[in-house]
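Raw final.cif, mmCIF, N, CA and C atoms:
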```
data_my_file
#
loop_
_atom_site.label_atom_id
_atom_site.label_comp_id
_atom_site.auth_asym_id
_atom_site.auth_seq_id
_atom_site.Cartn_x
_atom_site.Cartn_y
_atom_site.Cartn_z
N MET A 1 0.85 -1.18 0.00
CA MET A 1 0.00 0.00 0.00
C MET A 1 0.90 1.24 0.00
N THR A 2 0.54 2.21 -0.79
CA THR A 2 1.32 3.44 -0.88
C THR A 2 0.87 4.44 0.18
N ASP A 3 1.66 5.47 0.34
CA ASP A 3 1.37 6.49 1.35
C ASP A 3 0.83 7.76 0.71
N ILE A 4 -0.11 8.38 1.40
CA ILE A 4 -0.61 9.69 1.03
C ILE A 4 0.02 10.68 2.01
N ASP A 5 0.53 11.78 1.49
CA ASP A 5 1.09 12.82 2.35
C ASP A 5 -0.06 13.70 2.84
N LEU A 6 -0.30 13.70 4.15
CA LEU A 6 -1.39 14.45 4.76
C LEU A 6 -0.80 15.47 5.73
N SER A 7 -1.18 16.74 5.59
CA SER A 7 -0.63 17.77 6.46
C SER A 7 -1.66 18.87 6.70
N SER A 8 -1.31 19.78 7.62
CA SER A 8 -2.18 20.91 7.92
C SER A 8 -1.33 22.14 8.19
N GLU A 9 -1.82 23.28 7.74
CA GLU A 9 -1.13 24.54 8.08
C GLU A 9 -1.46 24.96 9.51
N ALA A 10 -2.43 24.31 10.14
CA ALA A 10 -2.87 24.68 11.49
C ALA A 10 -2.05 24.01 12.60
N PHE A 11 -1.45 22.86 12.31
CA PHE A 11 -0.62 22.17 13.30
C PHE A 11 0.28 21.17 12.57
N ASN A 12 1.41 20.87 13.19
CA ASN A 12 2.34 19.88 12.66
C ASN A 12 2.03 18.51 13.25
N ASP A 13 2.55 17.48 12.61
CA ASP A 13 2.35 16.12 13.11
C ASP A 13 2.86 16.00 14.54
N HIS A 14 2.03 15.47 15.41
CA HIS A 14 2.31 15.25 16.83
C HIS A 14 2.53 16.56 17.60
N SER A 15 1.91 17.65 17.13
CA SER A 15 1.95 18.90 17.89
C SER A 15 0.52 19.24 18.32
N PHE A 16 0.39 20.27 19.15
CA PHE A 16 -0.91 20.62 19.71
C PHE A 16 -1.80 21.36 18.72
N ILE A 17 -3.06 21.00 18.75
CA ILE A 17 -4.12 21.64 17.97
C ILE A 17 -4.60 22.83 18.80
N THR A 18 -4.80 23.97 18.16
CA THR A 18 -5.24 25.15 18.90
C THR A 18 -6.73 25.06 19.26
N ARG A 19 -7.12 25.86 20.24
CA ARG A 19 -8.49 25.86 20.75
C ARG A 19 -9.52 26.18 19.66
N ARG A 20 -9.12 26.93 18.64
CA ARG A 20 -10.05 27.27 17.55
C ARG A 20 -10.74 26.03 16.99
N TYR A 21 -10.02 24.93 16.89
CA TYR A 21 -10.53 23.71 16.27
C TYR A 21 -11.18 22.77 17.29
N ALA A 22 -11.13 23.12 18.56
CA ALA A 22 -11.66 22.27 19.63
C ALA A 22 -13.16 22.50 19.82
N TYR A 23 -13.79 21.53 20.45
CA TYR A 23 -15.23 21.56 20.70
C TYR A 23 -15.64 22.79 21.49
N GLU A 24 -14.84 23.15 22.51
CA GLU A 24 -15.18 24.31 23.33
C GLU A 24 -14.66 25.62 22.75
N GLY A 25 -13.97 25.54 21.63
CA GLY A 25 -13.52 26.74 20.93
C GLY A 25 -14.51 27.10 19.83
N GLU A 26 -13.99 27.45 18.66
CA GLU A 26 -14.87 27.75 17.52
C GLU A 26 -15.45 26.48 16.89
N ASN A 27 -14.85 25.33 17.23
CA ASN A 27 -15.31 24.03 16.74
C ASN A 27 -15.33 23.98 15.21
N VAL A 28 -14.25 24.47 14.61
CA VAL A 28 -14.08 24.51 13.16
C VAL A 28 -13.10 23.40 12.77
N SER A 29 -13.43 22.66 11.74
CA SER A 29 -12.49 21.63 11.28
C SER A 29 -11.23 22.29 10.75
N PRO A 30 -10.06 21.69 10.99
CA PRO A 30 -8.81 22.31 10.53
C PRO A 30 -8.62 22.15 9.03
N PRO A 31 -7.83 23.06 8.43
CA PRO A 31 -7.51 22.90 7.01
C PRO A 31 -6.55 21.72 6.85
N LEU A 32 -6.73 20.97 5.78
CA LEU A 32 -5.87 19.83 5.50
C LEU A 32 -5.47 19.86 4.03
N THR A 33 -4.27 19.41 3.73
CA THR A 33 -3.84 19.24 2.35
C THR A 33 -3.30 17.83 2.20
N TRP A 34 -3.41 17.30 0.99
CA TRP A 34 -2.89 15.96 0.74
C TRP A 34 -2.42 15.82 -0.69
N SER A 35 -1.57 14.81 -0.87
CA SER A 35 -1.08 14.46 -2.20
C SER A 35 -0.67 12.99 -2.17
N GLY A 36 -0.61 12.40 -3.35
CA GLY A 36 -0.16 11.02 -3.47
C GLY A 36 -1.26 9.99 -3.55
N ALA A 37 -2.52 10.41 -3.69
CA ALA A 37 -3.59 9.42 -3.85
C ALA A 37 -3.42 8.73 -5.20
N PRO A 38 -3.57 7.42 -5.24
CA PRO A 38 -3.42 6.71 -6.51
C PRO A 38 -4.45 7.16 -7.55
N ASP A 39 -4.04 7.15 -8.80
CA ASP A 39 -4.93 7.57 -9.90
C ASP A 39 -6.16 6.69 -10.03
N ASP A 40 -6.04 5.43 -9.61
CA ASP A 40 -7.16 4.51 -9.77
C ASP A 40 -8.10 4.46 -8.56
N ALA A 41 -7.94 5.39 -7.62
CA ALA A 41 -8.83 5.43 -6.44
C ALA A 41 -10.23 5.83 -6.89
N ALA A 42 -11.23 5.16 -6.32
CA ALA A 42 -12.64 5.48 -6.62
C ALA A 42 -13.11 6.65 -5.77
N GLU A 43 -12.61 6.74 -4.55
CA GLU A 43 -12.98 7.84 -3.65
C GLU A 43 -11.97 7.90 -2.51
N LEU A 44 -12.02 9.02 -1.79
CA LEU A 44 -11.23 9.18 -0.57
C LEU A 44 -12.19 9.19 0.61
N LEU A 45 -11.70 8.73 1.74
CA LEU A 45 -12.44 8.77 2.99
C LEU A 45 -11.55 9.44 4.03
N LEU A 46 -12.10 10.41 4.74
CA LEU A 46 -11.37 11.14 5.77
C LEU A 46 -12.01 10.86 7.12
N MET A 47 -11.18 10.60 8.11
CA MET A 47 -11.68 10.36 9.45
C MET A 47 -10.74 10.99 10.47
N CYS A 48 -11.33 11.53 11.54
CA CYS A 48 -10.55 11.97 12.69
C CYS A 48 -11.06 11.18 13.88
N GLU A 49 -10.15 10.54 14.60
CA GLU A 49 -10.53 9.70 15.73
C GLU A 49 -9.59 9.91 16.91
N ASP A 50 -10.15 9.71 18.10
CA ASP A 50 -9.40 9.83 19.35
C ASP A 50 -9.33 8.45 20.01
N PRO A 51 -8.18 7.76 19.91
CA PRO A 51 -8.06 6.45 20.52
C PRO A 51 -7.88 6.50 22.05
N ASP A 52 -7.69 7.71 22.58
CA ASP A 52 -7.46 7.86 24.03
C ASP A 52 -8.75 8.17 24.80
N ALA A 53 -9.88 8.21 24.12
CA ALA A 53 -11.16 8.52 24.78
C ALA A 53 -11.48 7.44 25.81
N PRO A 54 -12.07 7.83 26.95
CA PRO A 54 -12.36 6.87 28.02
C PRO A 54 -13.27 5.72 27.59
N SER A 55 -14.16 5.97 26.63
CA SER A 55 -15.11 4.93 26.21
C SER A 55 -14.60 4.10 25.03
N GLY A 56 -13.36 4.32 24.61
CA GLY A 56 -12.81 3.64 23.44
C GLY A 56 -12.65 4.64 22.31
N THR A 57 -12.13 4.18 21.19
CA THR A 57 -11.86 5.08 20.06
C THR A 57 -13.11 5.83 19.65
N PHE A 58 -12.98 7.15 19.61
CA PHE A 58 -14.12 8.05 19.41
C PHE A 58 -13.98 8.76 18.07
N ALA A 59 -15.01 8.71 17.23
CA ALA A 59 -15.00 9.35 15.91
C ALA A 59 -15.44 10.80 16.02
N HIS A 60 -14.56 11.72 15.62
CA HIS A 60 -14.86 13.15 15.62
C HIS A 60 -15.31 13.66 14.24
N TRP A 61 -14.91 12.96 13.19
CA TRP A 61 -15.27 13.40 11.83
C TRP A 61 -15.11 12.23 10.89
N ILE A 62 -16.13 11.95 10.10
CA ILE A 62 -16.07 10.92 9.07
C ILE A 62 -16.69 11.51 7.80
N VAL A 63 -15.88 11.53 6.73
CA VAL A 63 -16.34 12.07 5.46
C VAL A 63 -16.08 11.03 4.38
N VAL A 64 -17.14 10.63 3.67
CA VAL A 64 -17.02 9.64 2.60
C VAL A 64 -17.26 10.32 1.26
N GLY A 65 -16.89 9.61 0.19
CA GLY A 65 -17.19 10.09 -1.16
C GLY A 65 -16.37 11.27 -1.64
N ILE A 66 -15.22 11.50 -1.03
CA ILE A 66 -14.38 12.64 -1.41
C ILE A 66 -13.77 12.40 -2.80
N ASP A 67 -13.77 13.43 -3.60
CA ASP A 67 -13.18 13.38 -4.94
C ASP A 67 -11.73 12.92 -4.83
N PRO A 68 -11.37 11.80 -5.48
CA PRO A 68 -10.00 11.28 -5.35
C PRO A 68 -8.95 12.17 -6.02
N HIS A 69 -9.40 13.15 -6.82
CA HIS A 69 -8.46 14.06 -7.47
C HIS A 69 -8.32 15.38 -6.71
N SER A 70 -9.01 15.49 -5.57
CA SER A 70 -8.90 16.69 -4.74
C SER A 70 -7.56 16.68 -4.01
N ASP A 71 -7.18 17.85 -3.49
CA ASP A 71 -5.88 17.93 -2.81
C ASP A 71 -5.96 18.61 -1.45
N GLY A 72 -7.17 18.74 -0.91
CA GLY A 72 -7.28 19.31 0.42
C GLY A 72 -8.64 19.90 0.70
N VAL A 73 -8.73 20.49 1.88
CA VAL A 73 -9.98 21.10 2.33
C VAL A 73 -9.64 22.29 3.23
N GLY A 74 -10.38 23.37 3.08
CA GLY A 74 -10.17 24.55 3.90
C GLY A 74 -10.78 24.39 5.29
N ALA A 75 -10.37 25.23 6.20
CA ALA A 75 -10.91 25.21 7.57
C ALA A 75 -12.42 25.40 7.53
N GLY A 76 -13.13 24.55 8.26
CA GLY A 76 -14.58 24.66 8.36
C GLY A 76 -15.33 24.23 7.11
N GLN A 77 -14.65 23.61 6.17
CA GLN A 77 -15.27 23.20 4.90
C GLN A 77 -15.43 21.68 4.84
N VAL A 78 -16.20 21.24 3.86
CA VAL A 78 -16.35 19.81 3.56
C VAL A 78 -15.50 19.53 2.33
N PRO A 79 -14.71 18.46 2.33
CA PRO A 79 -13.90 18.15 1.16
C PRO A 79 -14.77 17.98 -0.10
N ALA A 80 -14.21 18.30 -1.26
CA ALA A 80 -14.93 18.23 -2.53
C ALA A 80 -15.58 16.87 -2.74
N GLY A 81 -16.89 16.89 -2.99
CA GLY A 81 -17.64 15.66 -3.24
C GLY A 81 -18.00 14.89 -1.99
N GLY A 82 -17.50 15.30 -0.85
CA GLY A 82 -17.66 14.54 0.38
C GLY A 82 -19.02 14.66 1.04
N THR A 83 -19.38 13.63 1.77
CA THR A 83 -20.59 13.60 2.59
C THR A 83 -20.17 13.33 4.02
N GLU A 84 -20.53 14.24 4.93
CA GLU A 84 -20.18 14.07 6.33
C GLU A 84 -21.20 13.16 7.01
N LEU A 85 -20.70 12.20 7.77
CA LEU A 85 -21.57 11.28 8.51
C LEU A 85 -21.70 11.77 9.95
N VAL A 86 -22.54 11.09 10.71
CA VAL A 86 -22.75 11.43 12.11
C VAL A 86 -21.55 10.96 12.93
N ASN A 87 -21.03 11.85 13.78
CA ASN A 87 -19.86 11.54 14.60
C ASN A 87 -20.26 10.96 15.96
N GLY A 88 -19.28 10.73 16.81
CA GLY A 88 -19.52 10.14 18.12
C GLY A 88 -20.36 11.00 19.05
N PHE A 89 -20.42 12.31 18.80
CA PHE A 89 -21.27 13.20 19.60
C PHE A 89 -22.74 13.11 19.17
N GLY A 90 -22.99 12.46 18.03
CA GLY A 90 -24.34 12.39 17.50
C GLY A 90 -24.67 13.52 16.54
N ASP A 91 -23.66 14.28 16.13
CA ASP A 91 -23.82 15.40 15.21
C ASP A 91 -23.28 15.03 13.84
N GLN A 92 -23.87 15.59 12.80
CA GLN A 92 -23.34 15.37 11.47
C GLN A 92 -22.19 16.35 11.25
N GLY A 93 -21.05 15.83 10.77
CA GLY A 93 -19.90 16.68 10.47
C GLY A 93 -18.85 16.64 11.56
N TRP A 94 -18.12 17.74 11.65
CA TRP A 94 -16.98 17.88 12.56
C TRP A 94 -17.42 18.31 13.95
N ASP A 95 -16.89 17.66 14.95
CA ASP A 95 -16.89 18.15 16.32
C ASP A 95 -15.49 17.91 16.84
N GLY A 96 -14.85 18.96 17.29
CA GLY A 96 -13.44 18.93 17.62
C GLY A 96 -13.08 18.25 18.91
N PRO A 97 -11.78 18.27 19.22
CA PRO A 97 -11.27 17.64 20.43
C PRO A 97 -12.00 18.12 21.68
N HIS A 98 -12.25 17.17 22.58
CA HIS A 98 -12.96 17.48 23.83
C HIS A 98 -12.64 16.42 24.89
N PRO A 99 -11.34 16.27 25.21
CA PRO A 99 -10.99 15.26 26.21
C PRO A 99 -11.47 15.69 27.60
N PRO A 100 -11.63 14.74 28.51
CA PRO A 100 -12.02 15.11 29.88
C PRO A 100 -10.98 16.06 30.49
N PRO A 101 -11.45 17.07 31.23
CA PRO A 101 -10.51 17.99 31.89
C PRO A 101 -9.55 17.21 32.79
N GLY A 102 -8.29 17.57 32.74
CA GLY A 102 -7.29 16.93 33.59
C GLY A 102 -6.64 15.71 32.98
N ASP A 103 -7.21 15.14 31.91
CA ASP A 103 -6.56 14.01 31.24
C ASP A 103 -5.26 14.49 30.61
N LYS A 104 -4.31 13.57 30.46
CA LYS A 104 -3.12 13.90 29.68
C LYS A 104 -3.57 14.18 28.26
N ALA A 105 -2.73 14.77 27.47
CA ALA A 105 -3.09 15.13 26.10
C ALA A 105 -3.58 13.90 25.34
N HIS A 106 -4.73 14.06 24.66
CA HIS A 106 -5.24 13.00 23.80
C HIS A 106 -4.66 13.18 22.40
N ARG A 107 -4.58 12.06 21.68
CA ARG A 107 -4.09 12.06 20.31
C ARG A 107 -5.28 12.02 19.36
N TYR A 108 -5.25 12.87 18.36
CA TYR A 108 -6.32 12.94 17.36
C TYR A 108 -5.72 12.54 16.02
N PHE A 109 -6.11 11.36 15.55
CA PHE A 109 -5.57 10.81 14.31
C PHE A 109 -6.46 11.23 13.15
N PHE A 110 -5.92 12.06 12.26
CA PHE A 110 -6.58 12.40 11.02
C PHE A 110 -6.06 11.38 10.01
N ARG A 111 -6.99 10.62 9.44
CA ARG A 111 -6.60 9.56 8.50
C ARG A 111 -7.34 9.78 7.18
N LEU A 112 -6.58 9.72 6.11
CA LEU A 112 -7.15 9.83 4.77
C LEU A 112 -6.86 8.52 4.04
N TYR A 113 -7.91 7.92 3.51
CA TYR A 113 -7.79 6.64 2.81
C TYR A 113 -8.21 6.81 1.35
N ALA A 114 -7.43 6.24 0.44
CA ALA A 114 -7.83 6.11 -0.96
C ALA A 114 -8.42 4.71 -1.08
N LEU A 115 -9.64 4.64 -1.61
CA LEU A 115 -10.35 3.37 -1.67
C LEU A 115 -10.54 2.91 -3.11
N SER A 116 -10.52 1.60 -3.30
CA SER A 116 -10.64 1.01 -4.63
C SER A 116 -12.06 1.03 -5.16
N GLU A 117 -13.03 1.17 -4.26
CA GLU A 117 -14.44 1.21 -4.66
C GLU A 117 -15.19 2.09 -3.67
N PRO A 118 -16.35 2.60 -4.07
CA PRO A 118 -17.12 3.44 -3.15
C PRO A 118 -17.44 2.69 -1.85
N CYS A 119 -17.47 3.44 -0.79
CA CYS A 119 -17.67 2.87 0.54
C CYS A 119 -19.08 3.18 1.03
N VAL A 120 -19.78 2.17 1.48
CA VAL A 120 -21.10 2.35 2.07
C VAL A 120 -20.99 2.07 3.56
N LEU A 121 -21.30 3.10 4.35
CA LEU A 121 -21.23 3.00 5.81
C LEU A 121 -22.59 3.32 6.40
N PRO A 122 -22.84 2.88 7.63
CA PRO A 122 -24.05 3.33 8.32
C PRO A 122 -23.99 4.84 8.51
N ASP A 123 -25.12 5.47 8.79
CA ASP A 123 -25.16 6.92 8.97
C ASP A 123 -24.31 7.41 10.14
N ALA A 124 -24.16 6.59 11.17
CA ALA A 124 -23.41 6.97 12.37
C ALA A 124 -22.45 5.84 12.75
N PRO A 125 -21.44 5.58 11.92
CA PRO A 125 -20.55 4.46 12.21
C PRO A 125 -19.56 4.78 13.33
N SER A 126 -19.15 3.76 14.04
CA SER A 126 -18.06 3.92 15.01
C SER A 126 -16.75 3.91 14.23
N ALA A 127 -15.69 4.37 14.86
CA ALA A 127 -14.37 4.33 14.21
C ALA A 127 -14.00 2.90 13.87
N ASP A 128 -14.30 1.96 14.77
CA ASP A 128 -13.97 0.56 14.52
C ASP A 128 -14.73 0.00 13.32
N GLN A 129 -16.00 0.39 13.16
CA GLN A 129 -16.78 -0.05 12.00
C GLN A 129 -16.15 0.46 10.71
N VAL A 130 -15.73 1.70 10.71
CA VAL A 130 -15.10 2.27 9.52
C VAL A 130 -13.87 1.45 9.15
N HIS A 131 -13.01 1.19 10.13
CA HIS A 131 -11.79 0.43 9.86
C HIS A 131 -12.10 -0.95 9.28
N ARG A 132 -13.08 -1.63 9.87
CA ARG A 132 -13.44 -2.98 9.39
C ARG A 132 -13.97 -2.93 7.95
N ILE A 133 -14.82 -1.97 7.65
CA ILE A 133 -15.46 -1.92 6.34
C ILE A 133 -14.49 -1.53 5.24
N ILE A 134 -13.55 -0.64 5.53
CA ILE A 134 -12.64 -0.19 4.46
C ILE A 134 -11.36 -1.03 4.36
N GLU A 135 -11.16 -1.94 5.29
CA GLU A 135 -9.91 -2.70 5.36
C GLU A 135 -9.47 -3.28 4.01
N LYS A 136 -10.35 -3.92 3.30
CA LYS A 136 -9.98 -4.57 2.04
C LYS A 136 -10.07 -3.63 0.84
N ARG A 137 -10.52 -2.41 1.04
CA ARG A 137 -10.67 -1.45 -0.07
C ARG A 137 -9.52 -0.44 -0.13
N GLN A 138 -8.63 -0.44 0.84
CA GLN A 138 -7.58 0.57 0.91
C GLN A 138 -6.51 0.38 -0.16
N LEU A 139 -6.27 1.45 -0.90
CA LEU A 139 -5.17 1.47 -1.86
C LEU A 139 -3.98 2.23 -1.29
N ALA A 140 -4.28 3.25 -0.48
CA ALA A 140 -3.24 4.09 0.11
C ALA A 140 -3.85 4.82 1.30
N SER A 141 -2.98 5.30 2.17
CA SER A 141 -3.48 6.07 3.32
C SER A 141 -2.41 7.04 3.80
N GLY A 142 -2.87 8.02 4.54
CA GLY A 142 -1.99 9.00 5.16
C GLY A 142 -2.53 9.34 6.54
N THR A 143 -1.64 9.66 7.46
CA THR A 143 -2.05 9.96 8.83
C THR A 143 -1.34 11.21 9.32
N LEU A 144 -2.09 12.04 10.03
CA LEU A 144 -1.58 13.23 10.70
C LEU A 144 -2.13 13.20 12.11
N VAL A 145 -1.26 13.38 13.12
CA VAL A 145 -1.70 13.30 14.50
C VAL A 145 -1.57 14.66 15.17
N GLY A 146 -2.67 15.10 15.77
CA GLY A 146 -2.67 16.33 16.56
C GLY A 146 -2.94 15.98 18.02
N LEU A 147 -2.50 16.84 18.91
CA LEU A 147 -2.69 16.64 20.35
C LEU A 147 -3.60 17.72 20.91
N TYR A 148 -4.35 17.36 21.94
CA TYR A 148 -5.17 18.37 22.61
C TYR A 148 -5.38 17.97 24.06
N GLN A 149 -5.37 18.99 24.93
CA GLN A 149 -5.55 18.77 26.37
C GLN A 149 -6.35 19.93 26.93
N ARG A 150 -7.25 19.60 27.90
CA ARG A 150 -8.02 20.66 28.56
C ARG A 150 -7.59 20.78 30.01
#
```

Rewrite the structure from the file as structure tokens, please.
Amino acid sequence: MTDIDLSSEAFNDHSFITRRYAYEGENVSPPLTWSGAPDDAAELLLMCEDPDAPSGTFAHWIVVGIDPHSDGVGAGQVPAGGTELVNGFGDQGWDGPHPPPGDKAHRYFFRLYALSEPCVLPDAPSADQVHRIIEKRQLASGTLVGLYQR
């Protein structure tokens, strides 16, 4: 499997995400850029998940159907062609970092997958469901990790 280069002008890999993008801040999705998706990808899928959540891996953002020829998304926007699904908070779209006060910094994994065929997910999938369903469809992926603490 090949790698997709995934980055953000808002934070570097394994650095802190600012309050603007957090649930208690402006709750705006961060800008992301990517390159290296295979030409034969049918679609891209974007997910942000917190594996450090007390209840298990928590989905903050799941976007399916992204144009495989796109190269990023602006802050607070939906990627080209994308459809936002219901996140772990029960809201459609992005809801930012919101770890329990006093917890050590949580890790927020932004993952972009190039898929060989369109992906059909439930309206409110868990992060684990997403991983299971796309496992055999992945052509390439990229990961960017942000940190947040309250």

Checklist entry - Of the residues A:Ile4, A:Ala53, A:Ala140, A:Val28, which is the one nearest to Ala41 of chain A, using only C-alpha atoms? => result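 Among A:Ile4, A:Ala53, A:Ala140, A:Val28, it is A:Ala140 that comes nearest to Ala41 of chain A.
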
Next on the checklist: Once the PyMOL selection byres ((chain A and resi 106) around 7) is applied to the coordinates I shared, what remains selected? I want it as a PyMOL selection string.
Outcome noted: chain A and resi 50-53+99+103-105+107-108+146-150

Next on the checklist: Counting all atoms listed in the file, which residue out of A:Leu139, A:Val86, A:Val64, A:Ala37 sits closest to Pro122 of chain A?
Outcome noted: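 The answer is A:Val86, which sits nearest to Pro122 of chain A.
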
Checklist entry - In terms of the shortest atom-to-atom distance over only N, CA and C atoms, which of A:Pro30, A:Val120, A:Gln138, A:Phe16 is closest to Ala75 of chain A? => result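 Between A:Pro30, A:Val120, A:Gln138, A:Phe16, the residue approaching Ala75 of chain A most closely is A:Pro30.
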
Item to check | Residue contacts of Asn27 of chain A (7 Å, only N, CA and C atoms) excluding same-chain residues fewer than 5 positions away, as a VMD selection string | outcome: chain A and resid 19 to 22 76 94 to 96

Next on the checklist: DSSP on the backbone: which residues in segment 4-135 of chain A end up as strand (DSSP E or B)? Give the answer as a ChimeraX atom specification.
Outcome noted: /A:5-7,15-16,32-35,43-50,58-66,72-73,83-84,86,92,106-115

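With only N, CA and C atoms as the basis for measurement, A:His69 is the residue among A:Phe89, A:Gly102, A:His69, A:Ile133 that approaches Pro38 of chain A most closely.
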
Checklist entry - Can you tell me how far atom C of Glu84 of chain A sits from atom CA of Leu45 of chain A, in Å to one decimal? => result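 For atom C of Glu84 of chain A relative to atom CA of Leu45 of chain A, the distance reads 10.6 Å.
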
Checklist entry - Around (-21.4, 12.3, 22.1) in the file's frame, which residues reach within 10 Å when counting only C-alpha atoms? Return as a count of residues only? => result 9

Checklist entry - When the PyMOL selection byres ((chain A and resi 67) around 7) is applied to the file above, which residues end up in the set, as a ChimeraX atom specification? => result /A:42-44,64-66,68-71,79-82

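Against the coordinates shown, the PyMOL selection byres (((chain A and resi 9 and name CA) around 10) and name CA) returns Ser7, Ser8, Ala10, Phe11, Asn12, Pro30, Pro31, Leu32, Thr33, Gly74 and Ala75 of chain A.
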
Checklist outcome for this item: note - atom CA of Thr83 of chain A and atom CA of Cys48 of chain A are separated by 14.3 Å

Next on the checklist: Please compute the atom CA of Ala127 of chain A-atom CA of Ile62 of chain A distance, one decimal, in Å.
Outcome noted: 8.5 Å

Item to check | Residue with smallest distance to Ser35 of chain A - pool A:Asp128, A:Glu135, A:Asp3, A:Asp123, counting only N, CA and C atoms | outcome: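 Closest to Ser35 of chain A of all the choices is A:Asp3.
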
Checklist outcome for this item: Leu112 of chain A proximity check over A:Ser141, A:Gln77, A:Ser15, A:Gln129, using only C-alpha atoms: winner is A:Ser141

Next on the checklist: Residues within 9 Å of (-16.9, 16.4, 26.4), file coordinates, counting only C-alpha atoms: what are they? Give the list as a list in words.
Outcome noted: Tyr23, Glu24, Phe89, Pro97, His98, Pro99, Pro100 and Pro101 of chain A

When you get a chance, write out N, CA, C and O atoms for segment 88-99 of chain A, as a compact mmCIF listing (two decimals), in the frame of the given file.
```txt
# COMPACT_ATOMS: atom_id res chain seq x y z
N GLY A 88 -19.28 10.73 16.81
CA GLY A 88 -19.52 10.14 18.12
C GLY A 88 -20.36 11.00 19.05
O GLY A 88 -20.95 10.48 20.01
N PHE A 89 -20.42 12.31 18.80
CA PHE A 89 -21.27 13.20 19.60
C PHE A 89 -22.74 13.11 19.17
O PHE A 89 -23.61 13.68 19.82
N GLY A 90 -22.99 12.46 18.03
CA GLY A 90 -24.34 12.39 17.50
C GLY A 90 -24.67 13.52 16.54
O GLY A 90 -25.82 13.70 16.17
N ASP A 91 -23.66 14.28 16.13
CA ASP A 91 -23.82 15.40 15.21
C ASP A 91 -23.28 15.03 13.84
O ASP A 91 -22.32 14.28 13.73
N GLN A 92 -23.87 15.59 12.80
CA GLN A 92 -23.34 15.37 11.47
C GLN A 92 -22.19 16.35 11.25
O GLN A 92 -22.31 17.54 11.51
N GLY A 93 -21.05 15.83 10.77
CA GLY A 93 -19.90 16.68 10.47
C GLY A 93 -18.85 16.64 11.56
O GLY A 93 -18.71 15.67 12.30
N TRP A 94 -18.12 17.74 11.65
CA TRP A 94 -16.98 17.88 12.56
C TRP A 94 -17.42 18.31 13.95
O TRP A 94 -18.23 19.24 14.09
N ASP A 95 -16.89 17.66 14.95
CA ASP A 95 -16.89 18.15 16.32
C ASP A 95 -15.49 17.91 16.84
O ASP A 95 -14.98 16.79 16.79
N GLY A 96 -14.85 18.96 17.29
CA GLY A 96 -13.44 18.93 17.62
C GLY A 96 -13.08 18.25 18.91
O GLY A 96 -13.94 17.72 19.64
N PRO A 97 -11.78 18.27 19.22
CA PRO A 97 -11.27 17.64 20.43
C PRO A 97 -12.00 18.12 21.68
O PRO A 97 -12.30 19.31 21.81
N HIS A 98 -12.25 17.17 22.58
CA HIS A 98 -12.96 17.48 23.83
C HIS A 98 -12.64 16.42 24.89
O HIS A 98 -13.54 15.75 25.40
N PRO A 99 -11.34 16.27 25.21
CA PRO A 99 -10.99 15.26 26.21
C PRO A 99 -11.47 15.69 27.60
O PRO A 99 -11.69 16.88 27.84
```
